[in-house]
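Q: Sharing coords.txt below, compact mmCIF, C-alpha atoms and all ligand atoms:
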```txt
# COMPACT_ATOMS: atom_id res chain seq x y z
CA MET I 27 -4.26 40.52 58.29
CA PRO I 28 -3.18 42.08 54.95
CA VAL I 29 0.47 41.73 54.00
CA VAL I 30 2.43 44.98 54.32
CA TYR I 31 5.39 45.03 51.94
CA LYS I 32 6.09 48.75 52.25
CA GLY I 33 9.33 49.32 54.13
CA ALA I 34 9.36 45.67 55.23
CA LEU I 35 12.46 43.90 56.49
CA CYS I 36 12.31 40.49 54.88
CA LEU I 37 13.86 37.06 55.23
CA ALA I 38 14.76 35.99 51.68
CA PRO I 39 13.59 32.79 50.06
CA MET I 40 16.38 30.30 50.70
CA VAL I 41 16.38 26.64 49.75
CA ARG I 42 17.37 24.57 52.83
CA ALA I 43 18.19 27.62 54.99
CA GLY I 44 14.70 29.12 54.83
CA ASN I 45 12.87 26.21 56.45
CA LEU I 46 10.41 26.73 59.29
CA PRO I 47 12.84 26.99 62.28
CA THR I 48 14.82 29.79 60.61
CA ARG I 49 11.63 31.63 59.72
CA ILE I 50 10.29 31.34 63.26
CA LEU I 51 13.57 32.55 64.74
CA ALA I 52 13.44 35.56 62.40
CA LEU I 53 9.79 36.19 63.31
CA GLN I 54 10.68 36.17 67.00
CA ASN I 55 13.29 38.81 66.22
CA LYS I 56 11.42 41.52 64.38
CA VAL I 57 11.41 40.38 60.78
CA ASP I 58 8.34 41.79 58.99
CA LEU I 59 7.88 39.16 56.27
CA VAL I 60 9.34 35.72 55.61
CA TRP I 61 9.61 33.92 52.26
CA SER I 62 9.47 30.15 51.95
CA PRO I 63 12.25 28.47 50.00
CA GLU I 64 11.42 28.10 46.30
CA ILE I 65 9.19 25.08 45.71
CA ILE I 66 8.62 23.75 42.21
CA ASP I 67 5.01 23.90 41.00
CA LYS I 68 4.79 20.25 39.92
CA LYS I 69 6.17 19.09 43.26
CA ILE I 70 3.75 20.91 45.55
CA ILE I 71 0.78 19.94 43.36
CA THR I 72 1.37 16.24 44.12
CA CYS I 73 1.58 16.74 47.90
CA ASP I 74 -0.94 15.83 50.59
CA ARG I 75 -1.72 18.39 53.27
CA VAL I 76 -1.38 16.78 56.68
CA ILE I 77 -1.71 18.26 60.17
CA ASN I 78 1.24 17.07 62.20
CA LYS I 79 0.09 17.10 65.81
CA GLU I 80 3.49 16.15 67.17
CA SER I 81 5.25 19.22 65.80
CA ASN I 82 2.14 21.43 65.60
CA THR I 83 2.71 22.06 61.92
CA ILE I 84 0.92 21.76 58.61
CA ASP I 85 3.02 19.48 56.44
CA TYR I 86 2.82 19.10 52.68
CA LEU I 87 4.02 15.56 52.07
CA ALA I 88 5.21 14.19 48.73
CA PRO I 89 3.70 10.86 47.61
CA TYR I 90 5.39 7.62 48.65
CA PRO I 91 8.16 6.65 46.23
CA GLU I 92 7.00 4.23 43.52
CA ASN I 93 6.30 0.68 44.78
CA ARG I 94 6.79 1.74 48.41
CA SER I 95 4.20 2.39 51.09
CA LYS I 96 3.69 3.22 54.73
CA LYS I 97 3.99 -0.51 55.48
CA ASP I 98 7.67 -0.43 54.45
CA GLY I 99 8.29 2.19 57.13
CA VAL I 100 9.14 4.73 54.42
CA LYS I 101 9.05 8.37 55.51
CA ARG I 102 7.50 10.73 53.00
CA GLU I 103 9.44 13.83 52.04
CA CYS I 104 8.08 16.98 53.67
CA VAL I 105 8.15 19.47 50.79
CA PHE I 106 6.74 22.45 52.67
CA ARG I 107 5.81 23.08 56.28
CA THR I 108 4.22 25.96 58.11
CA HIS I 109 3.25 26.47 61.73
CA PHE I 110 -0.22 25.26 62.67
CA GLY I 111 -0.35 27.51 65.73
CA GLY I 112 -0.21 30.61 63.53
CA GLU I 113 3.33 31.85 64.28
CA GLU I 114 3.67 32.80 60.59
CA LYS I 115 0.19 34.22 60.20
CA GLY I 116 0.01 37.37 58.07
CA LYS I 117 3.71 37.17 57.26
CA LEU I 118 4.39 34.15 55.10
CA ILE I 119 5.05 34.46 51.38
CA PHE I 120 5.17 31.18 49.45
CA GLN I 121 7.63 31.15 46.56
CA ILE I 122 6.93 29.07 43.46
CA GLY I 123 9.43 27.89 40.86
CA THR I 124 7.47 27.76 37.62
CA SER I 125 7.53 28.32 33.88
CA ASP I 126 3.88 27.58 33.22
CA PRO I 127 0.89 29.83 33.93
CA ASP I 128 -1.52 26.94 34.62
CA LEU I 129 0.82 24.93 36.84
CA ALA I 130 1.65 28.11 38.74
CA VAL I 131 -2.03 28.60 39.52
CA GLN I 132 -2.52 24.95 40.52
CA ALA I 133 0.50 25.18 42.85
CA ALA I 134 -0.68 28.44 44.39
CA LEU I 135 -4.21 27.12 44.92
CA LYS I 136 -2.80 24.09 46.72
CA VAL I 137 -1.31 26.21 49.54
CA ILE I 138 -3.20 29.48 49.39
CA GLU I 139 -5.26 28.91 52.56
CA ASP I 140 -2.07 28.39 54.60
CA VAL I 141 0.00 31.31 53.29
CA ASP I 142 -0.38 35.07 52.97
CA GLY I 143 1.00 35.73 49.51
CA ILE I 144 2.44 34.04 46.45
CA ASP I 145 5.80 34.96 44.92
CA VAL I 146 7.29 33.84 41.61
CA ASN I 147 11.00 33.14 41.45
CA SER I 148 12.32 34.89 38.37
CA GLY I 149 15.91 35.22 39.47
CA CYS I 150 17.47 31.83 40.11
CA PRO I 151 20.36 31.38 37.65
CA LYS I 152 21.14 27.74 38.55
CA PRO I 153 21.13 25.36 35.54
CA PHE I 154 18.37 23.10 36.98
CA SER I 155 16.08 26.13 37.13
CA VAL I 156 17.02 27.80 33.87
CA HIS I 157 16.94 24.58 31.81
CA SER I 158 13.27 24.08 32.58
CA GLY I 159 12.48 27.70 31.72
CA CYS I 160 12.10 28.72 35.40
CA GLY I 161 13.98 31.28 37.51
CA ALA I 162 16.21 33.69 35.62
CA ALA I 163 15.13 32.14 32.29
CA LEU I 164 11.84 34.01 32.73
CA LEU I 165 13.76 37.29 32.48
CA ARG I 166 14.48 36.35 28.85
CA THR I 167 10.85 35.32 28.17
CA PRO I 168 8.93 38.35 29.44
CA ASP I 169 5.67 37.38 27.73
CA ARG I 170 5.65 34.09 29.59
CA LEU I 171 6.48 35.78 32.90
CA GLU I 172 3.73 38.28 32.25
CA SER I 173 1.13 35.56 31.60
CA ILE I 174 2.22 33.63 34.73
CA LEU I 175 1.75 36.74 36.86
CA ARG I 176 -1.56 37.74 35.21
CA ASN I 177 -2.92 34.24 35.66
CA LEU I 178 -1.93 34.20 39.32
CA VAL I 179 -3.44 37.64 39.96
CA GLU I 180 -6.74 36.74 38.28
CA LYS I 181 -7.19 33.16 39.49
CA VAL I 182 -5.58 33.23 42.93
CA GLY I 183 -4.83 36.78 44.09
CA LYS I 184 -8.25 38.31 43.42
CA PRO I 185 -10.52 35.42 44.53
CA TYR I 186 -8.55 34.90 47.76
CA SER I 187 -7.64 38.57 48.36
CA LYS I 188 -3.99 37.64 48.66
CA PRO I 189 -1.08 39.49 47.02
CA ILE I 190 0.99 38.15 44.13
CA SER I 191 4.62 39.23 43.80
CA VAL I 192 7.74 38.46 41.80
CA LYS I 193 11.45 38.36 42.62
CA VAL I 194 13.78 39.28 39.75
CA ARG I 195 17.43 39.98 39.08
CA ILE I 196 18.54 43.04 37.13
CA LEU I 197 19.56 42.64 33.48
CA GLU I 198 22.82 43.75 31.92
CA SER I 199 21.68 47.33 31.26
CA GLU I 200 19.35 49.75 33.00
CA GLU I 201 17.36 50.17 29.79
CA SER I 202 16.66 46.45 29.32
CA THR I 203 15.84 46.06 33.02
CA LEU I 204 13.33 48.93 32.95
CA SER I 205 11.79 47.68 29.73
CA LEU I 206 11.20 44.22 31.23
CA LEU I 207 9.87 45.63 34.48
CA SER I 208 7.46 48.06 32.82
CA GLN I 209 5.84 45.02 31.20
CA ILE I 210 5.48 42.94 34.37
CA LEU I 211 4.54 45.77 36.72
CA LYS I 212 1.27 46.15 34.82
CA THR I 213 0.06 42.66 35.64
CA GLY I 214 -1.66 43.57 38.91
CA ILE I 215 1.12 42.29 41.17
CA SER I 216 1.51 43.92 44.58
CA ASN I 217 5.26 43.74 45.11
CA LEU I 218 8.51 43.55 43.19
CA THR I 219 11.72 42.31 44.81
CA VAL I 220 14.91 43.18 42.96
CA HIS I 221 18.07 41.21 43.58
CA CYS I 222 20.62 43.79 42.44
CA ARG I 223 22.85 41.37 40.56
CA THR I 224 22.62 40.12 36.97
CA PRO I 225 22.02 36.39 36.37
CA ASP I 226 25.72 35.91 35.61
CA MET I 227 26.91 37.50 38.84
CA ARG I 228 27.86 35.44 41.90
CA ASN I 229 26.69 36.33 45.39
CA ARG I 230 30.21 37.28 46.47
CA GLN I 231 30.25 40.08 43.85
CA SER I 232 29.14 43.54 44.96
CA PRO I 233 25.56 44.33 44.00
CA ILE I 234 24.71 46.98 41.37
CA ARG I 235 22.21 49.34 42.98
CA GLU I 236 22.38 52.13 40.40
CA TYR I 237 19.16 51.11 38.65
CA ILE I 238 17.10 51.12 41.84
CA PRO I 239 15.97 54.81 41.85
CA LYS I 240 14.44 54.49 38.36
CA ILE I 241 12.97 51.08 39.20
CA TYR I 242 11.43 52.64 42.29
CA ASN I 243 9.79 55.41 40.22
CA LEU I 244 8.39 52.79 37.84
CA CYS I 245 7.01 50.83 40.80
CA LYS I 246 5.33 53.94 42.21
CA GLU I 247 3.73 54.69 38.82
CA ASN I 248 2.23 51.19 38.87
CA ASN I 249 1.28 51.16 42.54
CA VAL I 250 3.64 48.27 43.28
CA SER I 251 5.88 48.21 46.34
CA LEU I 252 9.62 47.63 46.02
CA ILE I 253 11.97 45.47 48.08
CA MET I 254 15.69 45.77 47.51
CA ASN I 255 17.92 42.70 47.84
CA GLY I 256 21.61 41.91 47.50
CA GLY I 257 24.60 42.42 49.77
CA LEU I 258 22.69 43.91 52.72
CA LEU I 259 24.49 43.21 55.99
CA ASN I 260 21.87 43.95 58.65
CA LYS I 261 19.05 46.36 59.50
CA LYS I 262 21.33 49.33 60.24
CA ASP I 263 23.29 48.78 57.02
CA PHE I 264 20.10 48.64 54.97
CA ILE I 265 18.66 51.81 56.50
CA LYS I 266 21.94 53.63 55.89
CA ILE I 267 22.06 52.50 52.23
CA ARG I 268 18.42 53.41 51.66
CA LYS I 269 19.05 56.88 53.07
CA GLU I 270 22.25 57.40 51.08
CA MET I 271 20.39 56.44 47.91
CA GLY I 272 17.70 59.02 48.66
CA LEU I 273 14.96 56.37 48.70
CA ASP I 274 11.74 56.66 50.72
CA VAL I 275 11.20 54.61 53.85
CA ASP I 276 8.61 52.53 52.03
CA VAL I 277 11.34 50.68 50.12
CA GLY I 278 11.87 47.36 51.89
CA GLY I 279 15.04 45.31 52.34
CA MET I 280 15.55 41.58 51.91
CA PHE I 281 18.39 39.58 53.47
CA ALA I 282 19.68 36.13 52.47
CA ASP I 283 23.33 35.28 53.05
CA LYS I 284 23.71 37.32 56.25
CA ALA I 285 20.33 36.20 57.58
CA GLU I 286 21.34 32.59 57.06
CA GLU I 287 24.21 33.23 59.43
CA ASN I 288 22.15 35.28 61.85
CA PRO I 289 18.35 35.22 61.50
CA THR I 290 18.11 37.90 64.22
CA LEU I 291 19.74 40.62 62.11
CA PHE I 292 16.37 42.36 61.87
CA LEU I 293 16.95 43.70 65.39
CA ASP I 294 18.78 46.98 65.92
CA ASP I 295 21.35 44.89 67.75
CA PRO I 296 21.35 41.31 66.45
CA LEU I 297 21.92 38.56 69.00
CA PRO I 298 25.42 37.09 69.33
CA TRP I 299 26.05 33.75 67.61
CA TYR I 300 25.76 31.65 70.77
CA GLN I 301 22.34 33.07 71.61
CA VAL I 302 21.28 32.46 67.99
CA LEU I 303 22.54 28.89 68.31
CA ILE I 304 20.66 28.21 71.56
CA ASN I 305 17.42 29.78 70.30
CA TYR I 306 17.62 28.04 66.92
CA ILE I 307 18.15 24.61 68.48
CA ASP I 308 15.30 25.18 70.89
CA ILE I 309 12.90 25.93 68.01
CA ALA I 310 14.24 23.13 65.78
CA LYS I 311 13.75 20.57 68.57
CA LYS I 312 10.16 21.64 69.25
CA LEU I 313 9.38 21.31 65.54
CA ASN I 314 11.14 17.95 65.15
CA ASN I 315 13.15 19.56 62.37
CA PRO I 316 15.08 16.87 60.45
CA ILE I 317 18.55 16.64 61.97
CA HIS I 318 20.32 16.94 58.60
CA ASN I 319 18.63 20.31 58.01
CA THR I 320 19.45 21.50 61.54
CA LYS I 321 23.08 20.47 61.00
CA TYR I 322 23.16 22.45 57.76
CA MET I 323 21.94 25.54 59.63
CA LEU I 324 24.52 25.02 62.38
CA THR I 325 27.28 25.15 59.76
CA ARG I 326 25.87 28.51 58.63
CA ILE I 327 25.33 30.00 62.09
CA LEU I 328 28.72 28.87 63.36
CA ARG I 329 30.88 29.34 60.26
CA THR I 330 32.31 32.79 61.08
CA ASP I 331 33.52 31.72 64.47
CA LYS I 332 34.79 28.43 63.01
CA ILE I 333 32.93 26.48 65.67
CA ASP I 334 31.00 24.48 63.08
CA LYS I 335 33.84 21.90 63.03
CA ALA I 336 32.72 20.63 66.44
CA PHE I 337 29.22 19.91 65.14
CA VAL I 338 29.95 18.29 61.76
CA SER I 339 29.59 14.72 62.98
CA VAL I 340 26.64 15.13 65.38
CA LYS I 341 23.83 12.64 64.80
CA SER I 342 21.11 13.73 67.20
CA TYR I 343 19.66 16.59 69.21
CA GLU I 344 20.96 14.88 72.37
CA GLU I 345 24.51 15.19 71.08
CA ILE I 346 23.98 18.84 70.12
CA ASP I 347 22.55 19.55 73.59
CA TYR I 348 25.50 17.82 75.22
CA LEU I 349 28.02 19.96 73.27
CA ILE I 350 26.19 23.17 74.10
CA ASN I 351 25.65 22.34 77.78
CA THR I 352 29.19 21.07 78.33
CA PHE I 353 31.48 23.22 76.21
CA LEU I 354 29.68 26.55 75.80
CA ASN I 355 29.80 29.29 78.40
CA LYS I 356 26.34 30.74 77.88
CA GLU I 357 27.29 34.04 79.57
CA THR I 358 30.41 34.89 77.60
CA GLY I 359 30.00 32.78 74.46
CA HIS I 360 33.36 31.09 75.05
CA PHE I 361 33.32 27.68 73.41
CA GLU I 362 35.91 25.02 74.22
CA ILE I 363 36.34 23.99 70.63
CA LYS I 364 39.29 21.59 71.11
CA GLN I 365 37.64 19.70 73.95
CA ALA I 366 34.36 19.55 72.03
CA MET I 367 36.08 18.19 68.93
CA LYS I 368 37.96 15.63 70.99
CA TYR I 369 34.69 14.54 72.62
CA MET I 370 33.03 14.09 69.24
CA GLN I 371 36.04 12.21 67.83
CA ASP I 372 35.98 9.82 70.81
CA LEU I 373 32.23 9.36 70.44
CA ARG I 374 32.49 8.49 66.75
CA SER I 375 35.48 6.17 67.44
CA LYS I 376 33.36 4.39 70.05
CA ASP I 377 30.57 4.09 67.46
CA LYS I 378 33.07 2.63 65.01
CA GLU I 379 34.34 0.14 67.56
CA GLN I 380 30.78 -0.81 68.44
CA ARG I 381 29.97 -1.36 64.76
CA ARG I 382 33.11 -3.51 64.43
CA LEU I 383 32.13 -5.62 67.45
CA GLU I 384 28.58 -5.96 66.12
CA GLN I 385 29.88 -7.12 62.74
CA GLN I 386 32.19 -9.57 64.50
CA ARG I 387 29.25 -10.90 66.53
CA ILE I 388 27.14 -11.33 63.40
CA GLN I 389 30.01 -13.13 61.64
CA LEU I 390 30.50 -15.49 64.62
CA GLU I 391 26.78 -16.21 64.64
CA LYS I 392 26.91 -16.93 60.89
CA ASN I 393 29.91 -19.24 61.35
CA LYS I 394 28.10 -21.12 64.12
CA ILE I 395 25.03 -21.65 61.96
CA GLU I 396 27.18 -22.76 59.01
CA LYS I 397 29.04 -25.20 61.25
CA LYS I 398 25.76 -26.59 62.60
CA GLU I 399 24.40 -26.99 59.09
CA LYS I 400 27.58 -28.73 57.95
CA THR I 401 27.45 -31.16 60.89
CA ALA I 402 23.79 -31.88 60.21
CA GLN I 403 24.55 -32.48 56.53
CA LYS I 404 27.43 -34.79 57.45
CA LEU I 405 25.15 -36.79 59.74
CA LEU I 406 22.56 -37.01 57.02
CA ASP I 407 25.17 -38.16 54.49
CA ASN I 408 26.45 -40.80 56.93
CA ASN I 409 22.93 -42.04 57.60
CA LEU I 410 22.30 -42.30 53.89
CA LYS I 411 25.54 -44.21 53.42
CA ASP I 412 24.55 -46.58 56.25
CA ASP I 413 21.13 -47.11 54.67
CA GLU I 414 22.73 -47.87 51.29
CA HIS I 415 25.14 -50.27 52.98
CA ILE I 416 22.32 -52.13 54.74
CA GLU I 417 20.31 -52.25 51.52
CA LYS I 418 23.27 -53.71 49.62
CA LYS I 419 23.85 -56.26 52.37
CA GLN I 420 20.17 -57.29 52.34
CA LYS I 421 20.29 -57.74 48.54
CA VAL I 422 23.36 -59.99 48.82
C1 LIG I 501 21.25 29.29 50.70
C2 LIG I 501 20.53 30.15 49.71
C3 LIG I 501 19.39 29.67 49.10
C4 LIG I 501 18.67 30.47 48.20
N1 LIG I 501 17.49 30.03 47.69
C5 LIG I 501 16.71 30.87 46.94
C6 LIG I 501 15.37 30.54 46.57
O1 LIG I 501 14.86 29.46 46.93
N2 LIG I 501 14.67 31.43 45.83
C7 LIG I 501 15.19 32.65 45.44
O2 LIG I 501 14.49 33.43 44.78
N3 LIG I 501 16.44 32.99 45.80
C8 LIG I 501 17.19 32.16 46.55
N4 LIG I 501 18.44 32.56 46.98
C9 LIG I 501 18.89 33.91 46.62
C10 LIG I 501 18.52 34.89 47.75
O3 LIG I 501 17.14 34.92 48.00
C11 LIG I 501 19.04 36.30 47.44
O4 LIG I 501 18.37 36.80 46.32
C12 LIG I 501 20.53 36.35 47.17
O5 LIG I 501 21.25 35.51 48.01
C13 LIG I 501 21.06 37.78 47.34
O6 LIG I 501 20.87 38.25 48.64
P1 LIG I 501 22.11 38.37 49.69
O7 LIG I 501 23.15 39.17 48.99
O8 LIG I 501 21.51 39.01 50.90
O9 LIG I 501 22.60 36.97 49.92
C14 LIG I 501 19.16 31.77 47.85
C15 LIG I 501 20.34 32.22 48.46
C16 LIG I 501 21.01 31.45 49.38
C17 LIG I 501 22.25 32.00 50.03
```
Would you mind writing the file out in C-alpha cells?
Ligand SMILES: Cc1cc2nc3c(=O)[nH]c(=O)nc-3n(C[C@H](O)[C@H](O)[C@H](O)COP(=O)(O)O)c2cc1C
A:
Amino acid sequence: MPVVYKGALCLAPMVRAGNLPTRILALQNKVDLVWSPEIIDKKIITCDRVINKESNTIDYLAPYPENRSKKDGVKRECVFRTHFGGEEKGKLIFQIGTSDPDLAVQAALKVIEDVDGIDVNSGCPKPFSVHSGCGAALLRTPDRLESILRNLVEKVGKPYSKPISVKVRILESEESTLSLLSQILKTGISNLTVHCRTPDMRNRQSPIREYIPKIYNLCKENNVSLIMNGGLLNKKDFIKIRKEMGLDVDVGGMFADKAEENPTLFLDDPLPWYQVLINYIDIAKKLNNPIHNTKYMLTRILRTDKIDKAFVSVKSYEEIDYLINTFLNKETGHFEIKQAMKYMQDLRSKDKEQRRLEQQRIQLEKNKIEKKEKTAQKLLDNNLKDDEHIEKKQKV
C-alpha cells in the first residue's frame, strides 16, 4: 500500500509520547499517517530484530550492556517497536536522527522491511541533537542535508519503492527558508514537513505560518507534498486554518503537543479524556508497554483535568485498573480525585511499612547469625584454651 501524504492528518514524531500504544490509538481514531519517535542512526544499526510473540510486536533490541548477558537477567532496551499483526501497515514513517549520509542509509536499511517510509529529522533544536550535527544543525549545513537525502533516495527509497521525507523548521527569514528548501526539494524526496517555528522558538510560542504559501508553491514545482506542523489544535482547527490560508486540500497537517494529550483528535469529535484513558490503557496492556512509558502518557492525557496527580505513584497495570474501576464513573467521566489520591497514599504508606518490617526482619536475622557465630567462636576459643592448659599440665 503506497503512502499517501497528500492532505494527510499525521501523528508527529514524538520521543517517548510517540511509542506504539499512542500510534495504535491514533490509528484506531482516523489518523492517516504516524511517525515513529526520532531514533539515532548509530543506535538502530546495533539492534537485533526480534519477534515478540507475547506482545505480537517486532522489537528492535539494543545489545546487552557491556559485561552483562541474558544470564544476569538483564532486560535489553527496546529501541523501536512496531506491530507484528500489521496495525501500522501502510502508515508508519520511521524517523532517523542523523548527520551522516552513510549511517542514515545503514539505519534505514535496518528497518525498511517493517516500515512504510523514512523521514529525516532536520528540526530538533535540543543541544544533544545539534552538537552532533543532527536535527536543526542540518538546516545550517544544507549540502550535508542534501547528500543525506540523496543517498537515502538512491539507496533505500528507489530499491525498496518506499518514500523518503524530511521534517524541517523554518529559518529566520522567508528568503533563507526558501533558498534552503529549493536545494533539498530537488533530491527526489516525496514529502516535506514544515514545523512553522524557527530553531530558537519554543513550542509555547505561536507558529509563523506566513512562509507556507510560497513553500507550498515550491513543493508543487518539485512534485513534493507538504505537511504543515506547529500549534494545530485538532482536525477542525487545521481544516479552518488551511482554508483561511487559501491552501489546497492536499496540504496535510501534523499534530504533536495536542495529540500527546489526546491521540483521538483526528476525529471530527475527539473522544473525551476518560475514554482516551480507558482505550490507551487497554492497548498498552495488550502490548506489555513498559509501565514507566505508560505512566508518562497518563501524565499527558490527564494533565488538563489535573487528574494525573492520582496516578503519579502507580507501579503496575493492576493499580491503574483499580483506580479506573473504582474511582472513575465511565458514563460521566467524573473522577473521585481525592479518594483516589488517598487510596494511593495509603497503598504507598503500606509499602513503606512493609519495607521497614522486611528490613527489620533482615536485621534480626543478621543479628541472630552474628550471635551464633560469636558463641561458636567463644566455644572454640575456650576449647583451645583448655587444650593449651592440658598440654602445659602434661609438660609439667
Ligand atoms: C514530547 C515531544 C517529543 C518530540 N519528539 C520529536 C521527535 O522525536 N522528532 C521530531 O522531529 N520532533 C519531535 N517533536 C516536535 C514535534 O514533532 C513538533 O514538530 C512540535 O512539537 C510542533 O508541533 P505542535 O505545535 O503540534 O506541538 C517532539 C515534540 C514533543 C511535544
Q: Residues within 12 Å of Ser205 in chain I, please, as a ChimeraX atom specification. Count all atoms listed in the file; anything in the same chain fewer than 2 positions from it doesn't count.
A: /I:165-166,168,196-203,207-212,240-241,244
Q: Kindly provide, as a list in words, all nucleotide and amino acid residues lying within 7 Å of ligand LIG 501 (chain I), counting all atoms listed in the file.
A: Ala38, Pro39, Met40, Val41, Arg42, Ala43, Pro63, Glu64, Asn147, Ser148, Gly149, Cys150, Lys193, His221, Asn229, Asn255, Gly256, Gly257, Leu258, Met280, Phe281, Ala282, Asp283 and Lys284 of chain I
Q: Taking the point (2.4, 28.3, 49.8) as given in the file, collect each protein or nucleic acid residue that comes within 7 Å of it, counting only C-alpha atoms, and present the set as a PyMOL selection string.
A: chain I and resi 119-121+134+137-138+140-141+144
Q: Could you tell me, as a list in words, which residues have any atom at most 7 Å from (4.2, 17.7, 52.5), counting all atoms listed in the file?
A: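 Protein and nucleic acid residues near the point are Cys73, Asp74, Arg75, Asp85, Tyr86, Leu87, Ala88, Glu103, Cys104, Val105, Phe106 and Arg107 of chain I.
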Q: State, in Å with one decimal place, the distance from CA of Ile84 in chain I to CA of Gly123 in chain I.
A: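 Atom-to-atom, CA of Ile84 in chain I to CA of Gly123 in chain I, that is 20.6 Å.
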Q: So which residues touch Pro127 in chain I within 10 Å, counting only C-alpha atoms, skipping near sequence neighbours fewer than 6 positions away, as a list of chain:residue names?
A: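 Listed by chain and then number, they are I:Arg170, I:Leu171, I:Glu172, I:Ser173, I:Ile174, I:Leu175, I:Arg176, I:Asn177, I:Leu178.
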Q: I want to know what sits within 8 Å of range 366-376 of chain I, based on all atoms listed in the file, with residues of the same chain fewer than 3 positions away left out; could you give that as a ChimeraX atom specification?
A: /I:335-336,339-340,349,353,362-363,379-380
Q: Under the rule that only C-alpha atoms are counted, which of I:Leu51, I:Val194, I:Ile70, I:Ile238 is the nearest residue to Asp308 in chain I?
A: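 Selected residue with least distance to Asp308 in chain I: I:Leu51.
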Q: Env of Leu37 in chain I: 10 Å cut, atoms = all atoms listed in the file, seq-sep filter 6 positions within chain, self excluded. Answer as a ChimeraX atom specification.
A: /I:44,48-49,52-53,57-62,118-119,279-286,289-292
Q: Which is closer to Thr167 in chain I than all the others in I:Ala133, I:Asp413, I:Pro185, I:Ser125, using only C-alpha atoms?
A: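 Checking each of I:Ala133, I:Asp413, I:Pro185, I:Ser125 against Thr167 in chain I, counting only C-alpha atoms, the winner is I:Ser125.
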Q: I'd like the neighbourhood of Gly272 in chain I as a list in words, where a residue qualifies if any of its atoms comes within 9 Å (using all atoms listed in the file), though same-chain residues fewer than 4 positions away should be ignored.
A: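 Once the nearby chain positions are removed, what remains is Pro239, Ile267 and Arg268 of chain I.
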Q: Could you tell me how far CA of Lys136 in chain I sits from CA of His318 in chain I, in Å to one decimal place?
A: 27.0 Å
Q: Tell me, in Å to one decimal, how far CA of Tyr300 in chain I is from CA of Arg230 in chain I.
A: 25.3 Å
Q: Using all atoms listed in the file, find the one residue out of I:Ser187, I:Ser95, I:Asn78, I:Asn260 that sits nearest to Thr108 in chain I.
A: I:Asn78
Q: Looking at all atoms listed in the file, which of I:Leu313, I:Gly161, I:Asp263, I:Thr401 is the one that sits closest to Asp295 in chain I?
A: I:Asp263
Q: Nearest to Arg223 in chain I: which of I:Lys181, I:Asp274, I:Pro189, I:Pro151 is it, counting only C-alpha atoms?
A: I:Pro151
Q: Only C-alpha atoms needed: put range 132-160 of chain I from the block into a file as a JSON list (two decimals), in the first residue's frame.
A:
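Produced file decode-v7.json, reproduced below:
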```
[["chain", "number", "residue", "atom", "x", "y", "z"],
["I", 132, "GLN", "CA", 22.51, 1.80, 7.13],
["I", 133, "ALA", "CA", 19.86, 2.79, 9.69],
["I", 134, "ALA", "CA", 17.11, 2.96, 7.08],
["I", 135, "LEU", "CA", 18.07, -0.41, 5.59],
["I", 136, "LYS", "CA", 17.89, -1.97, 9.04],
["I", 137, "VAL", "CA", 14.15, -1.25, 9.39],
["I", 138, "ILE", "CA", 12.93, -0.71, 5.85],
["I", 139, "GLU", "CA", 11.02, -4.00, 5.56],
["I", 140, "ASP", "CA", 8.97, -3.15, 8.67],
["I", 141, "VAL", "CA", 8.10, 0.48, 7.87],
["I", 142, "ASP", "CA", 6.48, 2.39, 5.03],
["I", 143, "GLY", "CA", 8.71, 5.42, 4.70],
["I", 144, "ILE", "CA", 11.85, 7.04, 6.08],
["I", 145, "ASP", "CA", 11.96, 10.58, 7.46],
["I", 146, "VAL", "CA", 14.99, 12.65, 8.44],
["I", 147, "ASN", "CA", 14.74, 14.89, 11.48],
["I", 148, "SER", "CA", 16.11, 18.26, 10.49],
["I", 149, "GLY", "CA", 14.31, 20.33, 13.08],
["I", 150, "CYS", "CA", 15.24, 19.25, 16.59],
["I", 151, "PRO", "CA", 16.93, 22.21, 18.31],
["I", 152, "LYS", "CA", 17.94, 20.34, 21.50],
["I", 153, "PRO", "CA", 21.68, 20.57, 22.32],
["I", 154, "PHE", "CA", 22.23, 16.76, 22.23],
["I", 155, "SER", "CA", 20.98, 16.75, 18.64],
["I", 156, "VAL", "CA", 22.61, 19.93, 17.38],
["I", 157, "HIS", "CA", 26.02, 19.19, 18.96],
["I", 158, "SER", "CA", 26.38, 16.05, 16.88],
["I", 159, "GLY", "CA", 25.35, 17.87, 13.71],
["I", 160, "CYS", "CA", 21.85, 16.31, 13.68]]
```
